[in-house]
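Engineer: File follows, work15.json with JSON, C-alpha atoms:
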```json
[["chain", "number", "residue", "atom", "x", "y", "z"],
["A", 1, "MET", "CA", 0.00, 0.00, 0.00],
["A", 2, "ILE", "CA", 2.87, 2.34, 0.77],
["A", 3, "LEU", "CA", 4.50, 1.64, -2.59],
["A", 4, "ALA", "CA", 1.20, 2.02, -4.45],
["A", 5, "PHE", "CA", 0.90, 5.63, -3.26],
["A", 6, "SER", "CA", 4.59, 6.48, -3.62],
["A", 7, "PRO", "CA", 6.67, 7.63, -6.60],
["A", 8, "CYS", "CA", 8.17, 4.55, -8.25],
["A", 9, "GLY", "CA", 9.81, 3.48, -11.48],
["A", 10, "HIS", "CA", 12.65, 6.00, -11.35],
["A", 11, "THR", "CA", 15.68, 3.74, -11.23],
["A", 12, "LEU", "CA", 15.58, -0.06, -11.46],
["A", 13, "SER", "CA", 12.53, -0.38, -13.71],
["A", 14, "VAL", "CA", 11.42, -0.89, -17.29],
["A", 15, "ASP", "CA", 9.81, 2.57, -17.11],
["A", 16, "ARG", "CA", 13.21, 4.09, -16.49],
["A", 17, "LEU", "CA", 14.89, 2.16, -19.32],
["A", 18, "VAL", "CA", 12.17, 2.99, -21.84],
["A", 19, "GLY", "CA", 12.10, 6.65, -20.85],
["A", 20, "GLN", "CA", 15.85, 7.07, -20.82],
["A", 21, "TYR", "CA", 16.89, 5.14, -23.92],
["A", 22, "LEU", "CA", 13.81, 5.32, -26.13],
["A", 23, "PHE", "CA", 12.40, 8.75, -25.35],
["A", 24, "ARG", "CA", 15.69, 10.34, -24.20],
["A", 25, "LYS", "CA", 14.25, 11.54, -20.91],
["A", 26, "LYS", "CA", 16.59, 12.84, -18.23],
["A", 27, "TYR", "CA", 16.38, 11.47, -14.70],
["A", 28, "GLU", "CA", 17.81, 12.80, -11.45],
["A", 29, "ASP", "CA", 19.73, 10.04, -9.68],
["A", 30, "ALA", "CA", 20.52, 11.95, -6.50],
["A", 31, "PRO", "CA", 18.56, 11.02, -3.37],
["A", 32, "GLN", "CA", 15.48, 13.17, -2.90],
["A", 33, "ALA", "CA", 13.10, 13.73, -0.04],
["A", 34, "ILE", "CA", 10.19, 12.67, -2.25],
["A", 35, "PHE", "CA", 11.59, 9.14, -2.04],
["A", 36, "SER", "CA", 12.77, 9.27, 1.56],
["A", 37, "THR", "CA", 9.27, 9.92, 2.92],
["A", 38, "PRO", "CA", 7.74, 6.54, 1.98],
["A", 39, "ILE", "CA", 10.95, 4.81, 3.06],
["A", 40, "LYS", "CA", 10.69, 6.38, 6.51],
["A", 41, "ILE", "CA", 7.05, 5.32, 6.73],
["A", 42, "ALA", "CA", 8.13, 1.75, 5.94],
["A", 43, "MET", "CA", 10.79, 1.97, 8.67],
["A", 44, "LEU", "CA", 8.17, 3.08, 11.19],
["A", 45, "MET", "CA", 5.97, 0.16, 10.15],
["A", 46, "LEU", "CA", 8.84, -2.22, 10.87],
["A", 47, "GLY", "CA", 9.41, -0.44, 14.15],
["A", 48, "LEU", "CA", 5.79, -0.99, 15.23],
["A", 49, "ILE", "CA", 6.02, -4.67, 14.32],
["A", 50, "TYR", "CA", 8.92, -5.03, 16.76],
["A", 51, "PHE", "CA", 7.88, -2.52, 19.41],
["A", 52, "PHE", "CA", 4.77, -4.16, 20.83],
["A", 53, "PRO", "CA", 6.26, -7.64, 21.42],
["A", 54, "GLY", "CA", 9.04, -5.95, 23.42],
["A", 55, "PHE", "CA", 6.56, -3.68, 25.20],
["A", 56, "TRP", "CA", 4.33, -6.56, 26.30],
["A", 57, "LYS", "CA", 7.27, -8.64, 27.49],
["A", 58, "LEU", "CA", 8.26, -5.90, 29.95],
["A", 59, "TRP", "CA", 4.68, -4.97, 30.80],
["A", 60, "ASN", "CA", 3.65, -8.51, 31.79],
["A", 61, "GLY", "CA", 6.93, -9.92, 32.97],
["A", 62, "GLY", "CA", 9.12, -6.97, 33.85],
["A", 63, "PHE", "CA", 12.78, -7.74, 34.34],
["A", 64, "ASP", "CA", 11.76, -11.22, 35.52],
["A", 65, "TRP", "CA", 11.17, -12.04, 31.86],
["A", 66, "ILE", "CA", 14.90, -11.57, 31.41],
["A", 67, "PHE", "CA", 16.53, -12.69, 34.63],
["A", 68, "THR", "CA", 14.35, -15.67, 35.61],
["A", 69, "LEU", "CA", 15.27, -17.42, 32.35],
["A", 70, "ASN", "CA", 11.74, -17.17, 30.99],
["A", 71, "LEU", "CA", 13.21, -17.37, 27.49],
["A", 72, "THR", "CA", 14.41, -20.88, 28.32],
["A", 73, "LYS", "CA", 10.86, -21.88, 29.27],
["A", 74, "GLN", "CA", 9.55, -20.29, 26.08],
["A", 75, "LEU", "CA", 11.96, -22.53, 24.17],
["A", 76, "TYR", "CA", 10.74, -25.61, 26.07],
["A", 77, "VAL", "CA", 7.12, -24.82, 25.22],
["A", 78, "LYS", "CA", 7.89, -24.42, 21.51],
["A", 79, "TRP", "CA", 9.93, -27.62, 21.45],
["A", 80, "GLY", "CA", 7.05, -29.46, 23.08],
["A", 81, "GLU", "CA", 4.59, -28.03, 20.55],
["A", 82, "MET", "CA", 6.75, -29.49, 17.78],
["A", 83, "ASN", "CA", 6.32, -33.01, 19.14],
["A", 84, "GLY", "CA", 9.65, -33.14, 20.91],
["A", 85, "TRP", "CA", 11.78, -31.45, 18.24],
["A", 86, "LEU", "CA", 15.12, -30.25, 19.61],
["A", 87, "PRO", "CA", 17.70, -27.91, 18.05],
["A", 88, "SER", "CA", 21.23, -29.06, 17.38],
["A", 89, "PHE", "CA", 22.55, -26.36, 19.73],
["A", 90, "ARG", "CA", 21.03, -26.57, 23.23],
["A", 91, "ILE", "CA", 21.25, -22.93, 24.28],
["A", 92, "ASP", "CA", 19.15, -23.75, 27.38],
["A", 93, "THR", "CA", 22.26, -25.24, 28.98],
["A", 94, "TYR", "CA", 23.91, -21.80, 28.98],
["A", 95, "PRO", "CA", 21.94, -19.55, 31.38],
["A", 96, "VAL", "CA", 24.24, -16.54, 30.92],
["A", 97, "LEU", "CA", 23.78, -16.72, 27.16],
["A", 98, "ILE", "CA", 20.01, -16.91, 27.66],
["A", 99, "VAL", "CA", 20.06, -13.71, 29.73],
["A", 100, "ILE", "CA", 22.22, -11.92, 27.15],
["A", 101, "CYS", "CA", 19.91, -12.99, 24.33],
["A", 102, "SER", "CA", 16.86, -11.86, 26.34],
["A", 103, "ILE", "CA", 18.36, -8.40, 26.82],
["A", 104, "ILE", "CA", 19.28, -8.13, 23.12],
["A", 105, "VAL", "CA", 15.82, -9.24, 21.96],
["A", 106, "ILE", "CA", 13.92, -6.78, 24.16],
["A", 107, "GLY", "CA", 16.40, -3.98, 23.45],
["A", 108, "PHE", "CA", 16.11, -4.57, 19.71],
["A", 109, "GLU", "CA", 12.31, -4.73, 19.78],
["A", 110, "LEU", "CA", 11.87, -1.58, 21.84],
["A", 111, "GLY", "CA", 14.70, 0.39, 20.26],
["A", 112, "PHE", "CA", 14.16, -0.32, 16.57],
["A", 113, "ILE", "CA", 11.48, 2.34, 16.00],
["A", 114, "PHE", "CA", 13.66, 5.03, 17.59],
["A", 115, "LEU", "CA", 17.02, 4.02, 16.14],
["A", 116, "CYS", "CA", 15.92, 3.39, 12.54],
["A", 117, "ILE", "CA", 15.56, 7.15, 12.01],
["A", 118, "LYS", "CA", 19.30, 7.57, 12.58],
["A", 119, "LYS", "CA", 21.41, 6.62, 9.57],
["A", 120, "LYS", "CA", 24.38, 5.41, 11.61],
["A", 121, "CYS", "CA", 22.21, 2.93, 13.50],
["A", 122, "ARG", "CA", 20.61, 1.29, 10.48],
["A", 123, "PRO", "CA", 23.48, -1.09, 9.58],
["A", 124, "VAL", "CA", 23.56, -2.29, 13.21],
["A", 125, "LEU", "CA", 19.79, -2.83, 13.19],
["A", 126, "LEU", "CA", 20.00, -4.70, 9.89],
["A", 127, "LEU", "CA", 22.75, -7.03, 11.11],
["A", 128, "THR", "CA", 21.11, -7.58, 14.51],
["A", 129, "GLY", "CA", 17.74, -8.33, 12.91],
["A", 130, "VAL", "CA", 19.16, -10.89, 10.49],
["A", 131, "VAL", "CA", 21.12, -12.63, 13.27],
["A", 132, "MET", "CA", 18.12, -12.56, 15.64],
["A", 133, "HIS", "CA", 15.68, -14.05, 13.13],
["A", 134, "SER", "CA", 18.22, -16.65, 12.05],
["A", 135, "GLY", "CA", 18.71, -17.59, 15.70],
["A", 136, "ILE", "CA", 14.95, -17.86, 16.24],
["A", 137, "TYR", "CA", 14.73, -20.19, 13.27],
["A", 138, "VAL", "CA", 17.63, -22.38, 14.44],
["A", 139, "LEU", "CA", 16.53, -22.54, 18.09],
["A", 140, "MET", "CA", 12.71, -22.49, 17.78],
["A", 141, "ASN", "CA", 12.09, -23.56, 14.18],
["A", 142, "ILE", "CA", 10.00, -20.40, 13.67],
["A", 143, "SER", "CA", 10.52, -18.50, 10.44],
["A", 144, "PHE", "CA", 10.03, -14.74, 10.46],
["A", 145, "PHE", "CA", 12.03, -14.41, 7.26],
["A", 146, "ALA", "CA", 9.11, -12.68, 5.51],
["A", 147, "LEU", "CA", 10.23, -9.57, 7.40],
["A", 148, "LEU", "CA", 13.78, -9.61, 6.08],
["A", 149, "PRO", "CA", 13.09, -8.36, 2.50],
["A", 150, "ASN", "CA", 11.72, -5.19, 4.11],
["A", 151, "TYR", "CA", 15.19, -4.53, 5.48],
["A", 152, "VAL", "CA", 16.08, -2.98, 2.11],
["A", 153, "VAL", "CA", 14.74, 0.29, 3.56],
["A", 154, "LEU", "CA", 17.64, 0.24, 6.04],
["A", 155, "VAL", "CA", 20.29, 0.20, 3.30],
["A", 156, "ASP", "CA", 21.91, 3.49, 2.25],
["A", 157, "TRP", "CA", 21.77, 2.72, -1.47],
["A", 158, "ALA", "CA", 23.18, 6.10, -2.50],
["A", 159, "ARG", "CA", 26.32, 5.52, -0.48],
["A", 160, "LEU", "CA", 26.50, 1.91, -1.55],
["A", 161, "PHE", "CA", 26.55, 2.86, -5.24],
["A", 162, "ARG", "CA", 28.56, 6.03, -4.59],
["A", 163, "VAL", "CA", 25.87, 8.33, -5.93],
["A", 164, "SER", "CA", 26.44, 11.98, -5.16],
["A", 165, "SER", "CA", 24.02, 13.36, -2.60],
["A", 166, "ASN", "CA", 24.92, 17.01, -3.12],
["A", 167, "THR", "CA", 21.52, 17.80, -4.64],
["A", 168, "LEU", "CA", 19.49, 16.20, -1.84],
["A", 169, "ILE", "CA", 16.29, 18.15, -1.36],
["A", 170, "ASN", "CA", 15.77, 19.46, 2.15],
["A", 171, "SER", "CA", 12.79, 17.69, 3.69],
["A", 172, "SER", "CA", 11.58, 20.94, 5.19],
["A", 173, "SER", "CA", 11.29, 22.72, 1.85],
["A", 174, "GLY", "CA", 7.89, 21.35, 0.95],
["A", 175, "ILE", "CA", 7.84, 17.68, -0.04],
["A", 176, "PRO", "CA", 5.69, 17.03, -3.12],
["A", 177, "TYR", "CA", 4.30, 13.71, -1.87],
["A", 178, "SER", "CA", 0.60, 13.02, -2.23],
["A", 179, "LYS", "CA", -2.08, 13.44, 0.41],
["A", 180, "SER", "CA", -3.03, 9.84, -0.34],
["A", 181, "LEU", "CA", 0.35, 8.66, 0.94],
["A", 182, "ARG", "CA", -0.11, 10.61, 4.14],
["A", 183, "THR", "CA", -3.60, 9.12, 4.57],
["A", 184, "ILE", "CA", -2.31, 5.59, 3.99],
["A", 185, "ALA", "CA", 0.49, 6.17, 6.50],
["A", 186, "ILE", "CA", -1.96, 7.36, 9.16],
["A", 187, "ILE", "CA", -4.24, 4.35, 8.55],
["A", 188, "LEU", "CA", -1.44, 1.77, 8.61],
["A", 189, "LEU", "CA", 0.51, 3.22, 11.53],
["A", 190, "GLY", "CA", -2.60, 4.03, 13.55],
["A", 191, "GLY", "CA", -4.25, 0.68, 12.88],
["A", 192, "ASN", "CA", -1.15, -1.29, 13.84],
["A", 193, "MET", "CA", -0.75, 0.75, 17.02],
["A", 194, "ILE", "CA", -4.32, -0.11, 18.05],
["A", 195, "TYR", "CA", -3.88, -3.80, 17.26],
["A", 196, "GLY", "CA", -0.51, -3.81, 19.01],
["A", 197, "LEU", "CA", -2.05, -2.39, 22.18],
["A", 198, "LYS", "CA", -4.87, -4.94, 22.00],
["A", 199, "LYS", "CA", -2.52, -7.81, 21.09],
["A", 200, "GLN", "CA", -4.74, -8.83, 18.20],
["A", 201, "GLN", "CA", -3.59, -10.63, 15.07],
["A", 202, "SER", "CA", -5.36, -9.91, 11.81],
["A", 203, "TYR", "CA", -4.76, -8.29, 8.42],
["A", 204, "PRO", "CA", -3.78, -5.67, 7.34],
["A", 205, "PHE", "CA", -3.34, -4.67, 10.99],
["A", 206, "THR", "CA", -1.73, -7.08, 13.41],
["A", 207, "CYS", "CA", 0.44, -7.64, 16.45],
["A", 208, "TYR", "CA", 3.22, -10.12, 15.91],
["A", 209, "PRO", "CA", 3.52, -13.00, 18.45],
["A", 210, "THR", "CA", 4.66, -11.40, 21.69],
["A", 211, "PHE", "CA", 5.88, -14.41, 23.74],
["A", 212, "ASP", "CA", 5.22, -12.16, 26.72],
["A", 213, "TYR", "CA", 3.68, -14.56, 29.22],
["A", 214, "MET", "CA", 5.61, -16.01, 32.13],
["A", 215, "VAL", "CA", 5.77, -19.74, 31.51],
["A", 216, "PRO", "CA", 4.98, -22.07, 34.46],
["A", 217, "ASP", "CA", 6.92, -25.28, 35.11],
["A", 218, "SER", "CA", 3.96, -27.42, 34.00],
["A", 219, "MET", "CA", 1.20, -26.74, 31.48],
["A", 220, "TYR", "CA", -2.05, -28.24, 30.27],
["A", 221, "PHE", "CA", -2.03, -29.71, 26.80],
["A", 222, "ILE", "CA", -4.02, -32.13, 24.65],
["A", 223, "SER", "CA", -3.13, -35.82, 24.71],
["A", 224, "TYR", "CA", -4.18, -38.30, 22.02],
["A", 225, "ALA", "CA", -4.44, -42.09, 21.94],
["A", 226, "GLY", "CA", -5.51, -44.33, 19.05],
["A", 227, "ILE", "CA", -7.64, -47.20, 20.35],
["A", 228, "LYS", "CA", -8.55, -50.52, 18.72],
["A", 229, "ASP", "CA", -10.74, -53.08, 20.52],
["A", 230, "GLY", "CA", -10.18, -51.28, 23.81],
["A", 231, "LEU", "CA", -6.37, -51.26, 23.50],
["A", 232, "VAL", "CA", -4.06, -48.33, 22.77],
["A", 233, "VAL", "CA", -2.36, -49.03, 19.47],
["A", 234, "LEU", "CA", -1.24, -45.48, 18.60],
["A", 235, "SER", "CA", 0.63, -43.40, 21.18],
["A", 236, "HIS", "CA", 0.20, -39.68, 21.68],
["A", 237, "LYS", "CA", 3.39, -38.88, 19.76],
["A", 238, "GLU", "CA", 2.43, -41.08, 16.83],
["A", 239, "VAL", "CA", -1.04, -39.56, 16.54],
["A", 240, "LYS", "CA", 0.42, -36.07, 16.74],
["A", 241, "ARG", "CA", 3.04, -36.93, 14.12],
["A", 242, "ARG", "CA", 0.29, -37.97, 11.72],
["A", 243, "ILE", "CA", -1.75, -34.83, 12.45],
["A", 244, "CYS", "CA", 1.28, -32.69, 11.61],
["A", 245, "ARG", "CA", 1.42, -34.23, 8.14],
["A", 246, "HIS", "CA", -1.53, -32.01, 7.28],
["A", 247, "ILE", "CA", -1.45, -29.21, 9.87],
["A", 248, "PRO", "CA", 1.71, -27.23, 10.77],
["A", 249, "ASP", "CA", 2.66, -27.72, 14.41],
["A", 250, "TYR", "CA", 2.26, -24.02, 15.24],
["A", 251, "ASN", "CA", -1.32, -24.11, 13.88],
["A", 252, "LEU", "CA", -1.98, -27.34, 15.76],
["A", 253, "ARG", "CA", -1.00, -25.77, 19.08],
["A", 254, "ALA", "CA", -3.35, -22.87, 18.44],
["A", 255, "LEU", "CA", -6.17, -25.34, 17.79],
["A", 256, "GLU", "CA", -5.32, -27.24, 20.96],
["A", 257, "TYR", "CA", -5.51, -24.05, 23.03],
["A", 258, "GLN", "CA", -8.98, -23.51, 21.57],
["A", 259, "MET", "CA", -9.90, -27.10, 22.43],
["A", 260, "LEU", "CA", -8.84, -26.61, 26.04],
["A", 261, "ASN", "CA", -10.82, -23.39, 26.25],
["A", 262, "ALA", "CA", -13.90, -24.98, 24.66],
["A", 263, "HIS", "CA", -13.73, -27.82, 27.19],
["A", 264, "ALA", "CA", -13.33, -25.37, 30.09],
["A", 265, "THR", "CA", -16.40, -23.39, 28.98],
["A", 266, "GLY", "CA", -18.48, -26.47, 28.21],
["A", 267, "ASP", "CA", -18.81, -25.68, 24.49],
["A", 268, "THR", "CA", -19.02, -29.30, 23.27],
["A", 269, "ILE", "CA", -20.20, -28.36, 19.77],
["A", 270, "PHE", "CA", -17.18, -26.16, 19.10],
["A", 271, "LEU", "CA", -14.90, -28.78, 20.67],
["A", 272, "HIS", "CA", -16.28, -31.42, 18.30],
["A", 273, "GLN", "CA", -15.68, -29.11, 15.33],
["A", 274, "LEU", "CA", -12.09, -28.44, 16.37],
["A", 275, "VAL", "CA", -11.31, -32.15, 16.82],
["A", 276, "GLY", "CA", -12.92, -32.84, 13.45],
["A", 277, "ASN", "CA", -10.43, -30.44, 11.86],
["A", 278, "LEU", "CA", -7.60, -32.70, 13.05],
["A", 279, "PHE", "CA", -8.92, -36.07, 11.88],
["A", 280, "PHE", "CA", -10.49, -35.32, 8.53],
["A", 281, "LYS", "CA", -7.80, -37.46, 6.86],
["A", 282, "THR", "CA", -9.37, -40.78, 7.88],
["A", 283, "LYS", "CA", -7.01, -42.90, 5.78],
["A", 284, "ASP", "CA", -4.21, -42.10, 8.24],
["A", 285, "TYR", "CA", -5.96, -44.02, 11.04],
["A", 286, "ASN", "CA", -7.19, -47.21, 9.39],
["A", 287, "GLU", "CA", -5.78, -49.37, 12.20],
["A", 288, "VAL", "CA", -7.84, -47.75, 14.99],
["A", 289, "ASP", "CA", -11.53, -47.47, 15.83],
["A", 290, "VAL", "CA", -11.44, -44.21, 17.80],
["A", 291, "ILE", "CA", -9.11, -41.46, 18.96],
["A", 292, "ALA", "CA", -9.35, -40.59, 22.64],
["A", 293, "VAL", "CA", -8.71, -36.89, 23.26],
["A", 294, "ARG", "CA", -7.72, -36.05, 26.83],
["A", 295, "LYS", "CA", -6.71, -32.99, 28.83],
["A", 296, "ALA", "CA", -3.25, -33.55, 30.29],
["A", 297, "MET", "CA", -0.66, -31.75, 32.36],
["A", 298, "GLN", "CA", 3.02, -32.22, 31.77],
["A", 299, "SER", "CA", 6.29, -30.65, 32.77],
["A", 300, "ILE", "CA", 7.61, -28.29, 30.10],
["A", 301, "LEU", "CA", 11.08, -29.84, 30.37],
["A", 302, "PRO", "CA", 12.17, -31.46, 27.11],
["A", 303, "GLN", "CA", 11.55, -35.20, 26.83],
["A", 304, "SER", "CA", 9.66, -35.22, 30.12],
["A", 305, "ASP", "CA", 7.61, -38.39, 30.65],
["A", 306, "THR", "CA", 5.72, -37.10, 33.70],
["A", 307, "ILE", "CA", 2.18, -36.81, 32.31],
["A", 308, "GLN", "CA", -0.96, -36.44, 34.39],
["A", 309, "THR", "CA", -4.12, -36.97, 32.34],
["A", 310, "ASN", "CA", -7.77, -36.86, 33.21],
["A", 311, "THR", "CA", -8.91, -40.48, 33.19],
["A", 312, "LYS", "CA", -12.09, -39.53, 31.31],
["A", 313, "PRO", "CA", -11.49, -38.29, 27.73],
["A", 314, "ILE", "CA", -12.92, -34.90, 26.92],
["A", 315, "LEU", "CA", -13.98, -36.33, 23.55],
["A", 316, "ILE", "CA", -13.95, -39.62, 21.66],
["A", 317, "TRP", "CA", -13.60, -39.27, 17.89],
["A", 318, "SER", "CA", -14.93, -42.29, 16.02],
["A", 319, "PHE", "CA", -14.01, -43.22, 12.46],
["A", 320, "ARG", "CA", -16.96, -45.56, 12.05]]
```
Turn this file's structure into structure tokens for me.

Structural biologist:
Amino acid sequence: MILAFSPCGHTLSVDRLVGQYLFRKKYEDAPQAIFSTPIKIAMLMLGLIYFFPGFWKLWNGGFDWIFTLNLTKQLYVKWGEMNGWLPSFRIDTYPVLIVICSIIVIGFELGFIFLCIKKKCRPVLLLTGVVMHSGIYVLMNISFFALLPNYVVLVDWARLFRVSSNTLINSSSGIPYSKSLRTIAIILLGGNMIYGLKKQQSYPFTCYPTFDYMVPDSMYFISYAGIKDGLVVLSHKEVKRRICRHIPDYNLRALEYQMLNAHATGDTIFLHQLVGNLFFKTKDYNEVDVIAVRKAMQSILPQSDTIQTNTKPILIWSFR
């Protein structure tokens, strides 16, 4: 939306090539404020994306989020959601490193929107962001790489290509950008601020996952068992592995939270619908008659076998 209401086609475009070589038009290559305005709006958008996750971490957890190793527990929860997946590098065995990473993450999230305005800080932000997102992917198997292409707004392209900036237009001398761009900026920035404060995820306004809650030592989760003639023939891990063939693990965990909430509120119809979303691929469970779905509590520690389940399933899903 920002690009649609901004001046484009002036440099790396077919428009530029046609105009310059076919119609002999002259183009000004020096940086101009007319281009810097939408770029700064894009920077502020990135800043809002990062700001609210950092804000909510400190708001809900304070410095305990950093110094009580809550990041380690966040890692344990994500590993458990991925059916016991573990990274090759176990950062949880290095508490000091966890604290350092916690400080860097919150500092980066809160500081980005203020530092991106300063040219000297942009290369540091770019490098830190790439390293941070790469680390999140390696340690939590979560990809936020869709954000990285937007980092092009942090690059000083004029300096990179040694373009003279002597004719840079002063931003205070009346920037000829459209009122539409200003309107779009107000809508996007204002909408994302509201959604960030409300911690709501949607489109085109959203709040990125905050990971702000303080994780307890044990948590409720959903346990599965495939049953044939009264005997368990498919374990919880095997059932979950088959579910994840069709539903990404991060989406599965969101569904399971909804299942727990539906059970707590007594909404059996919604609970049945949610479970139906998991077992619509009936050919994956030909060797069982039913799937028993239970509410369970387990330690968040990796590979923990201490599971306490309610003896009565919250729902029995039949394939017959």

Engineer: Go ahead and compute the interatomic distance for CA of Val288 in chain A and CA of Gly226 in chain A, in Å to one decimal.

Structural biologist: 5.8 Å

Engineer: Pick out the closest residue to Asn251 in chain A from this set: A:Ile113, A:Asp267, A:Lys78, A:Asp156. Count only C-alpha atoms.

Structural biologist: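 Closest to Asn251 in chain A, using only C-alpha atoms: A:Lys78.
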
Engineer: Of the candidates A:Ser88, A:Ser13, A:Thr206, A:Thr37, which one gets nearest to Met140 in chain A if we count all atoms listed in the file?

Structural biologist: A:Ser88

Engineer: Quick one: of A:Ile66, A:Val77, A:Leu139, A:Met45, who's nearest to Arg253 in chain A, counting only C-alpha atoms?

Structural biologist: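 With only C-alpha atoms as the atom set, the closest residue is A:Val77.
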
Engineer: In terms of the shortest atom-to-atom distance over only C-alpha atoms, which of A:Thr72, A:Leu46, A:Gln273, A:Leu126 is closest to Tyr94 in chain A?

Structural biologist: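 Of all the options, A:Thr72 lies closest to Tyr94 in chain A.
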